[in-house]
$ cat work24.txt   # compact mmCIF, C-alpha atoms and all ligand atoms
# COMPACT_ATOMS: atom_id res chain seq x y z
CA MET F 57 107.91 127.03 90.71
CA PRO F 58 110.99 128.62 89.08
CA LEU F 59 111.55 132.36 88.59
CA ASP F 60 110.75 131.98 84.89
CA SER F 61 107.24 130.66 85.51
CA TYR F 62 105.90 134.10 84.67
CA LEU F 63 102.47 135.37 85.66
CA SER F 64 100.28 138.25 84.48
CA LEU F 65 100.46 141.18 86.87
CA GLY F 66 96.93 142.11 87.95
CA ARG F 67 94.48 142.56 85.10
CA SER F 68 97.20 143.32 82.53
CA GLY F 69 99.28 141.77 79.79
CA LEU F 70 102.55 142.36 81.67
CA ARG F 71 104.28 139.07 82.52
CA VAL F 72 106.54 138.99 85.54
CA SER F 73 108.42 136.57 87.77
CA PRO F 74 106.75 135.29 90.95
CA PHE F 75 109.51 136.96 93.01
CA CYS F 76 110.46 140.54 92.16
CA LEU F 77 113.98 141.67 93.05
CA GLY F 78 113.75 144.55 95.52
CA THR F 79 116.71 146.93 95.38
CA MET F 80 116.21 149.09 98.45
CA THR F 81 119.42 147.44 99.65
CA PHE F 82 121.49 148.61 96.64
CA GLY F 83 124.08 151.25 97.47
CA GLU F 84 125.73 152.34 100.68
CA ASP F 85 124.37 155.85 100.96
CA TRP F 86 122.03 154.94 103.83
CA GLY F 87 124.75 153.19 105.80
CA TRP F 88 123.60 149.57 105.58
CA GLY F 89 123.20 148.57 101.93
CA SER F 90 125.17 146.48 99.45
CA SER F 91 128.29 147.67 97.64
CA VAL F 92 128.11 148.18 93.87
CA ALA F 93 129.89 144.85 93.30
CA GLU F 94 127.53 142.96 95.64
CA SER F 95 124.48 144.63 94.05
CA GLU F 96 125.69 143.57 90.59
CA ALA F 97 126.28 140.01 91.81
CA ILE F 98 122.71 139.94 93.18
CA LEU F 99 121.32 141.21 89.85
CA THR F 100 123.35 138.67 87.87
CA GLU F 101 122.20 135.75 90.03
CA TYR F 102 118.53 136.81 89.91
CA LEU F 103 118.61 137.15 86.11
CA ALA F 104 120.56 133.89 85.68
CA GLN F 105 117.78 132.05 87.54
CA GLY F 106 115.19 133.41 85.07
CA GLY F 107 114.02 136.47 87.02
CA ASN F 108 112.71 139.36 84.92
CA PHE F 109 111.21 141.80 87.48
CA ILE F 110 113.30 144.51 89.21
CA ASP F 111 111.89 147.04 91.66
CA THR F 112 113.57 150.28 92.68
CA ALA F 113 112.63 153.87 93.59
CA ASN F 114 114.06 157.34 93.11
CA ILE F 115 114.66 157.61 96.86
CA TYR F 116 116.53 154.31 97.40
CA THR F 117 119.97 155.30 98.65
CA ASN F 118 119.17 158.77 97.32
CA GLY F 119 119.24 157.75 93.66
CA HIS F 120 122.23 155.43 93.88
CA ALA F 121 120.15 152.25 93.56
CA GLU F 122 118.72 153.50 90.24
CA LYS F 123 122.21 154.43 89.06
CA ILE F 124 123.61 150.99 89.91
CA ILE F 125 120.83 149.38 87.88
CA GLY F 126 121.29 151.86 85.02
CA ASP F 127 125.05 151.24 84.88
CA TYR F 128 124.50 147.48 84.96
CA PHE F 129 122.18 147.39 81.96
CA ALA F 130 124.01 150.11 80.02
CA THR F 131 126.82 147.66 79.29
CA ARG F 132 124.62 144.66 78.51
CA GLY F 133 122.99 145.48 75.19
CA GLU F 134 119.40 144.49 74.75
CA LEU F 135 119.14 142.84 78.19
CA ARG F 136 117.36 145.94 79.48
CA ASP F 137 114.46 145.22 77.10
CA ARG F 138 114.14 141.67 78.42
CA VAL F 139 113.44 142.84 81.98
CA VAL F 140 110.52 144.59 83.61
CA LEU F 141 112.06 147.63 85.25
CA ALA F 142 109.93 149.32 87.88
CA THR F 143 110.65 152.51 89.79
CA LYS F 144 108.73 154.94 91.99
CA PHE F 145 108.17 158.66 92.44
CA PHE F 146 106.97 160.68 95.43
CA CYS F 147 109.95 161.07 97.75
CA ASN F 148 111.69 164.43 97.41
CA LEU F 149 115.38 164.33 96.44
CA HIS F 150 115.55 168.14 96.45
CA PRO F 151 115.17 169.33 100.05
CA GLY F 152 113.61 172.76 100.18
CA ASP F 153 111.91 172.48 96.80
CA PRO F 154 108.18 171.97 97.45
CA ASN F 155 107.76 170.56 93.93
CA GLY F 156 110.81 168.29 94.14
CA GLY F 157 108.64 165.36 95.24
CA GLY F 158 105.02 164.44 95.76
CA ALA F 159 102.32 163.65 93.26
CA GLY F 160 101.55 166.95 91.52
CA ARG F 161 101.97 167.18 87.73
CA LYS F 162 105.20 169.25 87.77
CA ALA F 163 106.78 166.97 90.36
CA ILE F 164 105.78 163.72 88.66
CA ILE F 165 107.14 164.68 85.25
CA ARG F 166 110.41 165.96 86.69
CA GLN F 167 110.91 162.88 88.88
CA CYS F 168 110.26 160.64 85.89
CA GLU F 169 112.88 162.48 83.80
CA GLU F 170 115.40 162.14 86.63
CA SER F 171 114.74 158.40 87.05
CA LEU F 172 115.07 157.83 83.29
CA ARG F 173 118.42 159.63 83.39
CA ARG F 174 119.76 157.59 86.33
CA LEU F 175 118.42 154.33 84.88
CA GLN F 176 119.86 155.25 81.47
CA THR F 177 116.76 154.06 79.65
CA ASP F 178 114.05 155.56 77.43
CA TYR F 179 111.16 154.03 79.33
CA ILE F 180 110.04 152.65 82.68
CA ASP F 181 108.02 149.45 82.49
CA LEU F 182 106.06 150.01 85.69
CA TYR F 183 105.89 153.42 87.38
CA TRP F 184 104.73 153.51 90.99
CA LEU F 185 103.08 156.26 92.98
CA HIS F 186 105.17 155.48 96.09
CA ASN F 187 103.02 157.05 98.77
CA TYR F 188 99.96 159.12 99.57
CA ASP F 189 100.16 162.82 98.69
CA ARG F 190 97.23 164.34 100.56
CA THR F 191 97.74 167.72 98.93
CA ALA F 192 97.62 166.71 95.26
CA PRO F 193 94.17 166.14 93.70
CA ILE F 194 94.05 162.49 92.64
CA GLU F 195 92.67 163.38 89.19
CA GLU F 196 95.75 165.54 88.56
CA THR F 197 98.05 162.68 89.62
CA LEU F 198 96.21 160.18 87.45
CA ARG F 199 96.19 162.43 84.40
CA ALA F 200 99.92 163.18 84.74
CA MET F 201 100.71 159.47 85.07
CA ASP F 202 98.50 158.67 82.09
CA ASP F 203 100.28 161.37 80.05
CA LEU F 204 103.61 159.61 80.75
CA VAL F 205 102.12 156.41 79.34
CA THR F 206 100.87 158.26 76.25
CA ALA F 207 104.29 159.89 75.81
CA GLY F 208 105.91 156.43 75.77
CA LYS F 209 108.00 157.10 78.87
CA VAL F 210 106.08 154.62 81.01
CA ARG F 211 104.35 151.32 80.11
CA TYR F 212 102.22 150.46 83.18
CA LEU F 213 101.18 152.13 86.45
CA GLY F 214 101.19 150.96 90.05
CA VAL F 215 100.26 152.31 93.48
CA SER F 216 101.91 151.82 96.84
CA ASP F 217 101.02 152.44 100.50
CA LEU F 218 97.76 154.35 99.89
CA PRO F 219 94.59 153.83 101.94
CA ALA F 220 92.16 151.42 100.30
CA TRP F 221 89.47 154.09 99.90
CA LYS F 222 91.89 156.31 97.96
CA VAL F 223 92.97 153.47 95.65
CA ALA F 224 89.32 152.56 95.04
CA GLN F 225 88.51 156.19 94.23
CA ALA F 226 91.50 156.43 91.89
CA ALA F 227 90.67 153.17 90.14
CA THR F 228 87.07 154.27 89.59
CA LEU F 229 88.14 157.66 88.24
CA ALA F 230 90.74 156.09 85.95
CA ASP F 231 88.09 153.73 84.63
CA PHE F 232 85.57 156.52 83.89
CA CYS F 233 88.23 158.81 82.38
CA HIS F 234 89.88 156.04 80.33
CA PHE F 235 93.22 156.64 82.03
CA ALA F 236 95.75 153.80 82.23
CA PRO F 237 94.79 151.76 85.33
CA PHE F 238 96.84 150.78 88.36
CA ILE F 239 97.71 147.15 87.64
CA ALA F 240 99.56 146.44 90.88
CA MET F 241 99.74 147.58 94.50
CA GLN F 242 102.72 147.40 96.90
CA VAL F 243 101.82 146.91 100.55
CA GLU F 244 103.65 145.79 103.65
CA TYR F 245 102.61 142.17 104.14
CA SER F 246 104.14 139.34 106.14
CA LEU F 247 103.39 136.93 108.97
CA LEU F 248 104.20 139.85 111.29
CA ALA F 249 102.18 142.47 109.37
CA ARG F 250 98.78 141.26 108.17
CA THR F 251 96.49 144.24 108.61
CA VAL F 252 96.28 144.66 104.81
CA GLU F 253 93.86 141.75 104.89
CA GLY F 254 91.14 144.04 106.28
CA GLU F 255 90.69 146.38 103.33
CA LEU F 256 93.59 146.48 100.89
CA THR F 257 93.98 142.91 99.63
CA PRO F 258 90.24 142.22 99.24
CA MET F 259 89.96 145.54 97.38
CA ALA F 260 92.81 144.60 95.06
CA GLN F 261 91.22 141.26 94.26
CA GLU F 262 87.91 142.96 93.47
CA LEU F 263 89.57 145.58 91.23
CA GLY F 264 91.99 143.27 89.37
CA ILE F 265 95.05 144.85 90.98
CA GLY F 266 97.96 142.48 91.65
CA VAL F 267 99.20 142.55 95.26
CA MET F 268 102.96 142.81 95.75
CA PRO F 269 104.03 142.31 99.38
CA TRP F 270 107.02 144.34 100.54
CA GLY F 271 108.89 143.59 103.77
CA PRO F 272 107.93 139.90 103.50
CA LEU F 273 110.56 139.11 106.19
CA ARG F 274 109.57 142.18 108.22
CA GLY F 275 112.98 143.67 107.53
CA GLY F 276 114.76 140.45 108.55
CA LYS F 277 112.78 139.58 111.72
CA LEU F 278 111.41 136.49 109.96
CA SER F 279 114.75 135.45 108.47
CA GLY F 280 115.59 133.06 111.30
CA LYS F 281 118.46 135.09 112.72
CA TYR F 282 116.41 136.51 115.59
CA THR F 283 115.80 133.92 118.31
CA ARG F 284 114.72 133.94 121.95
CA ASP F 285 118.28 132.97 122.87
CA ASN F 286 119.92 135.95 121.19
CA ALA F 287 117.21 138.46 122.19
CA GLY F 288 118.74 141.88 122.54
CA GLN F 289 122.06 140.77 121.04
CA GLN F 290 121.36 140.23 117.35
CA LYS F 291 121.93 143.59 115.74
CA SER F 292 120.01 144.63 112.62
CA ASP F 293 122.43 145.96 110.02
CA ARG F 294 119.62 148.06 108.73
CA THR F 295 118.37 149.82 111.80
CA GLY F 296 121.41 149.28 114.01
CA SER F 297 118.92 148.29 116.69
CA THR F 298 119.60 145.40 119.07
CA SER F 299 116.18 145.25 120.66
CA GLY F 300 114.41 141.89 120.91
CA LEU F 301 111.06 140.98 119.44
CA SER F 302 107.74 141.17 121.28
CA ALA F 303 106.21 138.09 122.93
CA ASP F 304 103.62 137.89 120.13
CA GLU F 305 106.35 138.06 117.49
CA TYR F 306 108.34 135.27 119.16
CA ALA F 307 105.17 133.15 119.23
CA VAL F 308 104.92 133.52 115.43
CA LEU F 309 108.63 132.73 115.04
CA ASP F 310 108.15 129.53 117.08
CA VAL F 311 105.66 128.22 114.53
CA VAL F 312 107.77 129.41 111.59
CA ASN F 313 110.74 127.50 113.04
CA GLN F 314 108.63 124.36 113.62
CA VAL F 315 107.51 124.40 109.98
CA ALA F 316 111.08 125.05 108.87
CA ASP F 317 112.22 121.95 110.81
CA GLU F 318 109.44 119.84 109.29
CA THR F 319 110.22 120.88 105.72
CA GLY F 320 113.99 121.20 105.92
CA ALA F 321 113.62 124.74 104.57
CA SER F 322 114.92 127.91 106.19
CA ALA F 323 112.70 130.14 108.32
CA ALA F 324 113.01 132.82 105.63
CA ALA F 325 111.77 130.39 102.97
CA VAL F 326 108.77 129.44 105.13
CA ALA F 327 107.82 133.10 105.68
CA LEU F 328 108.20 133.91 101.98
CA ALA F 329 106.26 130.82 100.87
CA TRP F 330 103.43 131.73 103.28
CA VAL F 331 102.98 135.31 102.06
CA HIS F 332 103.33 134.30 98.44
CA GLN F 333 100.28 132.03 98.59
CA CYS F 334 98.03 134.61 100.29
CA PRO F 335 94.87 135.58 98.37
CA GLY F 336 95.53 138.22 95.72
CA VAL F 337 99.35 138.06 95.87
CA SER F 338 100.97 138.18 92.41
CA SER F 339 104.68 138.74 92.83
CA THR F 340 106.48 139.03 96.16
CA LEU F 341 109.21 141.65 96.63
CA ILE F 342 112.31 140.00 98.03
CA GLY F 343 114.97 142.08 99.71
CA ALA F 344 118.52 140.80 99.93
CA ARG F 345 121.56 142.73 101.11
CA ARG F 346 123.97 139.93 100.22
CA LEU F 347 124.15 137.31 97.49
CA ASP F 348 123.76 134.41 99.94
CA GLN F 349 120.55 136.00 101.28
CA LEU F 350 119.15 136.16 97.75
CA GLN F 351 119.99 132.51 97.14
CA ALA F 352 118.38 131.48 100.44
CA ASN F 353 115.25 133.48 99.61
CA LEU F 354 114.87 132.12 96.09
CA ALA F 355 114.71 128.62 97.62
CA ALA F 356 111.22 129.57 98.85
CA LEU F 357 109.92 129.13 95.31
CA ASP F 358 110.42 125.37 95.64
CA LEU F 359 108.66 125.13 99.00
CA LYS F 360 105.05 123.97 98.99
CA LEU F 361 103.46 124.26 102.42
CA THR F 362 100.76 121.76 103.36
CA VAL F 363 97.21 122.80 104.28
CA ASP F 364 97.99 121.96 107.91
CA GLN F 365 101.20 124.03 107.93
CA LEU F 366 99.40 126.98 106.35
CA ALA F 367 96.60 126.73 108.91
CA ARG F 368 99.10 126.78 111.81
CA LEU F 369 100.93 129.78 110.36
CA ASP F 370 97.59 131.53 109.77
CA GLU F 371 96.46 130.88 113.32
CA CYS F 372 99.59 132.01 115.13
CA SER F 373 99.61 135.34 113.29
CA VAL F 374 95.93 136.34 113.25
CA PRO F 375 95.82 140.14 112.94
CA THR F 376 93.52 142.53 114.74
CA LEU F 377 91.75 144.42 112.00
CA ASN F 378 89.91 147.71 111.84
CA PHE F 379 86.13 147.88 111.78
CA PRO F 380 84.32 146.46 109.87
CA ALA F 381 86.70 143.67 108.84
CA ASP F 382 86.86 141.91 112.23
CA ASN F 383 83.17 142.52 112.85
CA ASN F 384 82.24 140.93 109.53
CA ARG F 385 84.65 138.06 109.36
CA HIS F 386 82.19 135.60 110.87
CA LEU F 387 79.49 136.76 108.49
CA ALA F 388 80.44 134.21 105.87
CA PRO F 389 78.07 133.92 102.90
CA GLY F 390 74.80 132.38 104.01
CA LEU F 391 75.29 132.97 107.73
CA ALA F 392 73.21 136.14 107.88
CA PHE F 393 70.22 134.34 106.44
CA ALA F 394 70.48 130.99 108.21
CA GLY F 395 67.89 129.75 110.69
CA ALA F 396 64.15 130.41 110.89
CA THR F 397 62.68 133.59 109.43
CA VAL F 398 60.04 135.61 111.28
CA ASP F 399 57.27 133.83 109.45
CA GLY F 400 58.61 130.49 110.59
CA VAL F 401 60.11 129.34 107.31
CA LYS F 402 63.42 127.57 107.81
CA THR F 403 66.22 128.41 105.43
CA THR F 404 68.81 125.87 104.37
CA ALA F 405 71.77 128.22 104.08
CA GLN F 406 74.79 127.22 106.16
CA PRO F 407 77.73 129.24 107.35
CA MET F 408 80.74 128.71 105.17
CA ILE F 409 83.93 127.77 106.97
CA VAL F 410 86.97 127.76 104.73
CA ASN F 411 89.64 125.31 105.90
CA ASN F 412 89.10 126.56 109.43
CA THR F 413 91.48 129.39 108.60
CA THR F 414 91.37 133.02 109.53
CA ARG F 415 91.08 134.27 105.95
CA TYR F 416 88.30 136.72 105.30
N1 LIG V 501 106.56 150.43 98.51
C1 LIG V 501 107.17 150.60 99.67
O1 LIG V 501 106.82 151.48 100.47
C2 LIG V 501 108.31 149.70 100.03
C3 LIG V 501 108.83 149.72 101.34
C4 LIG V 501 109.88 148.87 101.64
C5 LIG V 501 110.39 148.01 100.68
N2 LIG V 501 109.89 148.02 99.40
C6 LIG V 501 110.43 147.11 98.35
O2 LIG V 501 110.37 145.78 98.83
C7 LIG V 501 111.67 145.19 98.80
C8 LIG V 501 111.79 144.20 99.95
O3 LIG V 501 111.50 144.87 101.19
P1 LIG V 501 112.38 144.63 102.47
O4 LIG V 501 113.80 144.89 102.13
O5 LIG V 501 111.76 145.36 103.60
O6 LIG V 501 112.20 143.03 102.64
P2 LIG V 501 112.47 142.04 103.82
O7 LIG V 501 112.66 140.72 103.17
O8 LIG V 501 111.41 142.12 104.86
O9 LIG V 501 113.82 142.51 104.51
C9 LIG V 501 115.04 142.43 103.84
C10 LIG V 501 116.15 142.40 104.87
O10 LIG V 501 116.08 141.21 105.61
C11 LIG V 501 117.38 140.65 105.79
N3 LIG V 501 117.40 139.39 105.03
C12 LIG V 501 116.84 139.15 103.80
N4 LIG V 501 117.01 137.87 103.46
C13 LIG V 501 117.67 137.27 104.48
C14 LIG V 501 118.12 135.96 104.71
N5 LIG V 501 117.92 134.99 103.81
N6 LIG V 501 118.76 135.70 105.87
C15 LIG V 501 118.96 136.66 106.80
N7 LIG V 501 118.55 137.93 106.64
C16 LIG V 501 117.91 138.24 105.48
C17 LIG V 501 118.36 141.68 105.24
O11 LIG V 501 118.64 142.58 106.32
P3 LIG V 501 120.05 142.65 107.08
O12 LIG V 501 120.54 144.03 106.79
O13 LIG V 501 119.70 142.47 108.52
O14 LIG V 501 120.94 141.60 106.56
C18 LIG V 501 117.53 142.42 104.21
O15 LIG V 501 117.96 143.74 104.01
C19 LIG V 501 112.63 146.38 98.86
O16 LIG V 501 113.91 146.11 98.34
C20 LIG V 501 111.90 147.38 98.00
O17 LIG V 501 112.12 147.11 96.62
C21 LIG V 501 108.85 148.83 99.08
$ encode --input "work24.txt" --output "structure tokens" --more "lines below"
Ligand SMILES: NC(=O)c1ccc[n+]([C@@H]2O[C@H](COP(=O)([O-])OP(=O)(O)OC[C@H]3O[C@@H](n4cnc5c(N)ncnc54)[C@H](OP(=O)(O)O)[C@@H]3O)[C@@H](O)[C@H]2O)c1
Amino acid sequence: MPLDSYLSLGRSGLRVSPFCLGTMTFGEDWGWGSSVAESEAILTEYLAQGGNFIDTANIYTNGHAEKIIGDYFATRGELRDRVVLATKFFCNLHPGDPNGGGAGRKAIIRQCEESLRRLQTDYIDLYWLHNYDRTAPIEETLRAMDDLVTAGKVRYLGVSDLPAWKVAQAATLADFCHFAPFIAMQVEYSLLARTVEGELTPMAQELGIGVMPWGPLRGGKLSGKYTRDNAGQQKSDRTGSTSGLSADEYAVLDVVNQVADETGASAAAVALAWVHQCPGVSSTLIGARRLDQLQANLAALDLKLTVDQLARLDECSVPTLNFPADNNRHLAPGLAFAGATVDGVKTTAQPMIVNNTTRY
């Protein structure tokens, strides 16, 4: 499946690549990201392979990531219109100003203007509410975001890192009020972080919201460079930490490495291919700090895991979920009504077991 086998994002007419280029790594302001030249090389390679979907945020390297992207497209004519450019608001770039970030009307409009300026564009294709602002009424947030769509500054809306109940409330309100809907949702999702399967991904499927996993390599832990042998020695460029993984995490890595050996693919490709085929996933956010990492990660698009390999990866990484997800996962359709009823009538319904996997 190449990068230019585009798909519709959620219930929308927006067509995007199966892998979205994450740019949290662009810029050196946080101490571990890519230089401007490396960021531009990553952009060029992604676009050359047919990619059309770029994700950033106002906060990434304190605005530098947006500026790198803005500078890149400013010198390339109409190329900006050929890509789907997504950015986020919420994080405050103006310490001390209580309206510098968050999801109130004043903050949203100002943050949008600032992102447009850094990106050097008239419009944002997909504008994300980056995180949960407990203090802003959701109807105010939704109306302000919808106003940006009406004003032509934003094309589509997305939501990231909110509790499922809040997204469901927002989606219902948007529907009743005829506001532009959230078409996509960013959540942390990988073989080492599967708790979204309890509430968030089933909700997204029900509501027609495309799931976009972030951290699909768990910040590099699933990239293959962390092994039992180098525990405590392999340093993360990102966190600077040298700590090893937990016993449970190594157990997952063992299976990832087995599957990598069987397929001839890298561990990173196996982890990316697994998350990309999870129910509800539309486009997976890939994070690369160097060009060679991007190239290695794009190879995952060609990897088709077998049913048996998927089942082993599913099994080794089964998450513990909040109530009621774990409680209900054995209540497959039909199970609750199987067996004899009180008046002695036998029912024919059977429990449904899907591929013996742990999907709910
Ligand atoms: N909505 C949100 O709250 C949110 C949060 C986080 C991220 N995001 C988005 O999601 C994107 C991806 O997230 P992420 O950066 O956390 O993804 P990730 O794939 O889990 O981690 C990326 C990191 O893994 C390492 N890596 C990547 N490919 C590798 C390879 N082939 N071999 C070895 N190491 C490799 C690099 O770290 P090293 O420095 O160790 O080389 C890289 O910085 C971000 O860019 C951003 O756009 C969104």
$ closest_residue --input "work24.txt" --among "F:Gln289, F:Thr319, F:Thr340, F:Ser68" --to "ligand LIG 501 (chain V)" --atoms "only C-alpha atoms and all ligand atoms"
F:Thr340
$ atom_distance --input "work24.txt" --atom1 "atom CA of Leu218 of chain F" --atom2 "atom CA of Ala236 of chain F"
17.8 Å
$ residues_around --input "work24.txt" --residues "segment 157-160 of chain F" --least-positions-apart "3" --cutoff "6 Å" --atoms "all atoms listed in the file" --output "mmCIF file with C-alpha atoms, in the coordinates of the input"
data_model
loop_
_atom_site.group_PDB
_atom_site.id
_atom_site.type_symbol
_atom_site.label_atom_id
_atom_site.label_comp_id
_atom_site.auth_asym_id
_atom_site.auth_seq_id
_atom_site.Cartn_x
_atom_site.Cartn_y
_atom_site.Cartn_z
ATOM 1 C CA PHE F 146 106.970 160.680 95.430
ATOM 2 C CA CYS F 147 109.950 161.070 97.750
ATOM 3 C CA ASN F 148 111.690 164.430 97.410
ATOM 4 C CA ALA F 163 106.780 166.970 90.360
ATOM 5 C CA ILE F 164 105.780 163.720 88.660
ATOM 6 C CA ASP F 189 100.160 162.820 98.690
ATOM 7 C CA ALA F 192 97.620 166.710 95.260
ATOM 8 C CA THR F 197 98.050 162.680 89.620
#
$ atom_distance --input "work24.txt" --atom1 "atom CA of Tyr306 of chain F" --atom2 "atom O12 of ligand LIG 501 (chain V)"
19.5 Å
$ closest_residue --input "work24.txt" --among "F:Phe232, F:Tyr102, F:Phe129, F:Trp184" --to "ligand LIG 501 (chain V)" --atoms "all atoms listed in the file"
F:Trp184
$ residues_near_ligand --input "work24.txt" --ligand "ligand LIG 501 (chain V)" --cutoff "8 Å" --atoms "only C-alpha atoms and all ligand atoms" --output "PDB file with C-alpha atoms, in the coordinates of the input"
ATOM      1  CA  LEU F  77     113.980 141.670  93.050  1.00  0.00           C
ATOM      2  CA  GLY F  78     113.750 144.550  95.520  1.00  0.00           C
ATOM      3  CA  THR F  79     116.710 146.930  95.380  1.00  0.00           C
ATOM      4  CA  MET F  80     116.210 149.090  98.450  1.00  0.00           C
ATOM      5  CA  THR F  81     119.420 147.440  99.650  1.00  0.00           C
ATOM      6  CA  TRP F  88     123.600 149.570 105.580  1.00  0.00           C
ATOM      7  CA  GLY F  89     123.200 148.570 101.930  1.00  0.00           C
ATOM      8  CA  ILE F 110     113.300 144.510  89.210  1.00  0.00           C
ATOM      9  CA  ASP F 111     111.890 147.040  91.660  1.00  0.00           C
ATOM     10  CA  THR F 112     113.570 150.280  92.680  1.00  0.00           C
ATOM     11  CA  ALA F 113     112.630 153.870  93.590  1.00  0.00           C
ATOM     12  CA  HIS F 186     105.170 155.480  96.090  1.00  0.00           C
ATOM     13  CA  ASN F 187     103.020 157.050  98.770  1.00  0.00           C
ATOM     14  CA  SER F 216     101.910 151.820  96.840  1.00  0.00           C
ATOM     15  CA  ASP F 217     101.020 152.440 100.500  1.00  0.00           C
ATOM     16  CA  GLN F 242     102.720 147.400  96.900  1.00  0.00           C
ATOM     17  CA  VAL F 243     101.820 146.910 100.550  1.00  0.00           C
ATOM     18  CA  GLU F 244     103.650 145.790 103.650  1.00  0.00           C
ATOM     19  CA  SER F 246     104.140 139.340 106.140  1.00  0.00           C
ATOM     20  CA  PRO F 269     104.030 142.310  99.380  1.00  0.00           C
ATOM     21  CA  TRP F 270     107.020 144.340 100.540  1.00  0.00           C
ATOM     22  CA  GLY F 271     108.890 143.590 103.770  1.00  0.00           C
ATOM     23  CA  PRO F 272     107.930 139.900 103.500  1.00  0.00           C
ATOM     24  CA  LEU F 273     110.560 139.110 106.190  1.00  0.00           C
ATOM     25  CA  ARG F 274     109.570 142.180 108.220  1.00  0.00           C
ATOM     26  CA  GLY F 275     112.980 143.670 107.530  1.00  0.00           C
ATOM     27  CA  GLY F 276     114.760 140.450 108.550  1.00  0.00           C
ATOM     28  CA  LYS F 277     112.780 139.580 111.720  1.00  0.00           C
ATOM     29  CA  LEU F 278     111.410 136.490 109.960  1.00  0.00           C
ATOM     30  CA  SER F 279     114.750 135.450 108.470  1.00  0.00           C
ATOM     31  CA  GLY F 280     115.590 133.060 111.300  1.00  0.00           C
ATOM     32  CA  LYS F 281     118.460 135.090 112.720  1.00  0.00           C
ATOM     33  CA  LYS F 291     121.930 143.590 115.740  1.00  0.00           C
ATOM     34  CA  SER F 292     120.010 144.630 112.620  1.00  0.00           C
ATOM     35  CA  ASP F 293     122.430 145.960 110.020  1.00  0.00           C
ATOM     36  CA  ARG F 294     119.620 148.060 108.730  1.00  0.00           C
ATOM     37  CA  THR F 295     118.370 149.820 111.800  1.00  0.00           C
ATOM     38  CA  ALA F 324     113.010 132.820 105.630  1.00  0.00           C
ATOM     39  CA  ALA F 325     111.770 130.390 102.970  1.00  0.00           C
ATOM     40  CA  LEU F 341     109.210 141.650  96.630  1.00  0.00           C
ATOM     41  CA  ILE F 342     112.310 140.000  98.030  1.00  0.00           C
ATOM     42  CA  GLY F 343     114.970 142.080  99.710  1.00  0.00           C
ATOM     43  CA  ALA F 344     118.520 140.800  99.930  1.00  0.00           C
ATOM     44  CA  ARG F 345     121.560 142.730 101.110  1.00  0.00           C
ATOM     45  CA  ARG F 346     123.970 139.930 100.220  1.00  0.00           C
ATOM     46  CA  ASP F 348     123.760 134.410  99.940  1.00  0.00           C
ATOM     47  CA  GLN F 349     120.550 136.000 101.280  1.00  0.00           C
ATOM     48  CA  LEU F 350     119.150 136.160  97.750  1.00  0.00           C
ATOM     49  CA  GLN F 351     119.990 132.510  97.140  1.00  0.00           C
ATOM     50  CA  ALA F 352     118.380 131.480 100.440  1.00  0.00           C
ATOM     51  CA  ASN F 353     115.250 133.480  99.610  1.00  0.00           C
TER      52      ASN F 353
END
$ closest_residue --input "work24.txt" --among "F:Thr131, F:Val315, F:Gly254, F:Ser91" --to "Asp382 of chain F" --atoms "all atoms listed in the file"
F:Gly254
$ atom_distance --input "work24.txt" --atom1 "atom CA of Arg173 of chain F" --atom2 "atom CA of Leu149 of chain F"
14.2 Å
$ closest_residue --input "work24.txt" --among "F:Thr257, F:Thr117, F:Asn286, F:Gln176" --to "Val92 of chain F" --atoms "only C-alpha atoms"
F:Thr117
$ closest_residue --input "work24.txt" --among "F:Gly264, F:Val252, F:Ser302, F:Ala355" --to "Arg67 of chain F" --atoms "only C-alpha atoms"
F:Gly264
$ residues_around --input "work24.txt" --residues "segment 208-212 of chain F" --least-positions-apart "5" --cutoff "7 Å" --atoms "only C-alpha atoms" --output "list of chain:residue names"
F:Asp178, F:Tyr179, F:Ile180, F:Asp181, F:Leu182, F:Tyr183
$ write_last_selection --input "work24.txt" --atoms "C-alpha atoms" --output "short mmCIF file (atom, residue, chain, number, x, y, z; two decimals), in the coordinates of the input"
data_model
loop_
_atom_site.label_atom_id
_atom_site.label_comp_id
_atom_site.auth_asym_id
_atom_site.auth_seq_id
_atom_site.Cartn_x
_atom_site.Cartn_y
_atom_site.Cartn_z
CA ASP F 178 114.05 155.56 77.43
CA TYR F 179 111.16 154.03 79.33
CA ILE F 180 110.04 152.65 82.68
CA ASP F 181 108.02 149.45 82.49
CA LEU F 182 106.06 150.01 85.69
CA TYR F 183 105.89 153.42 87.38
#
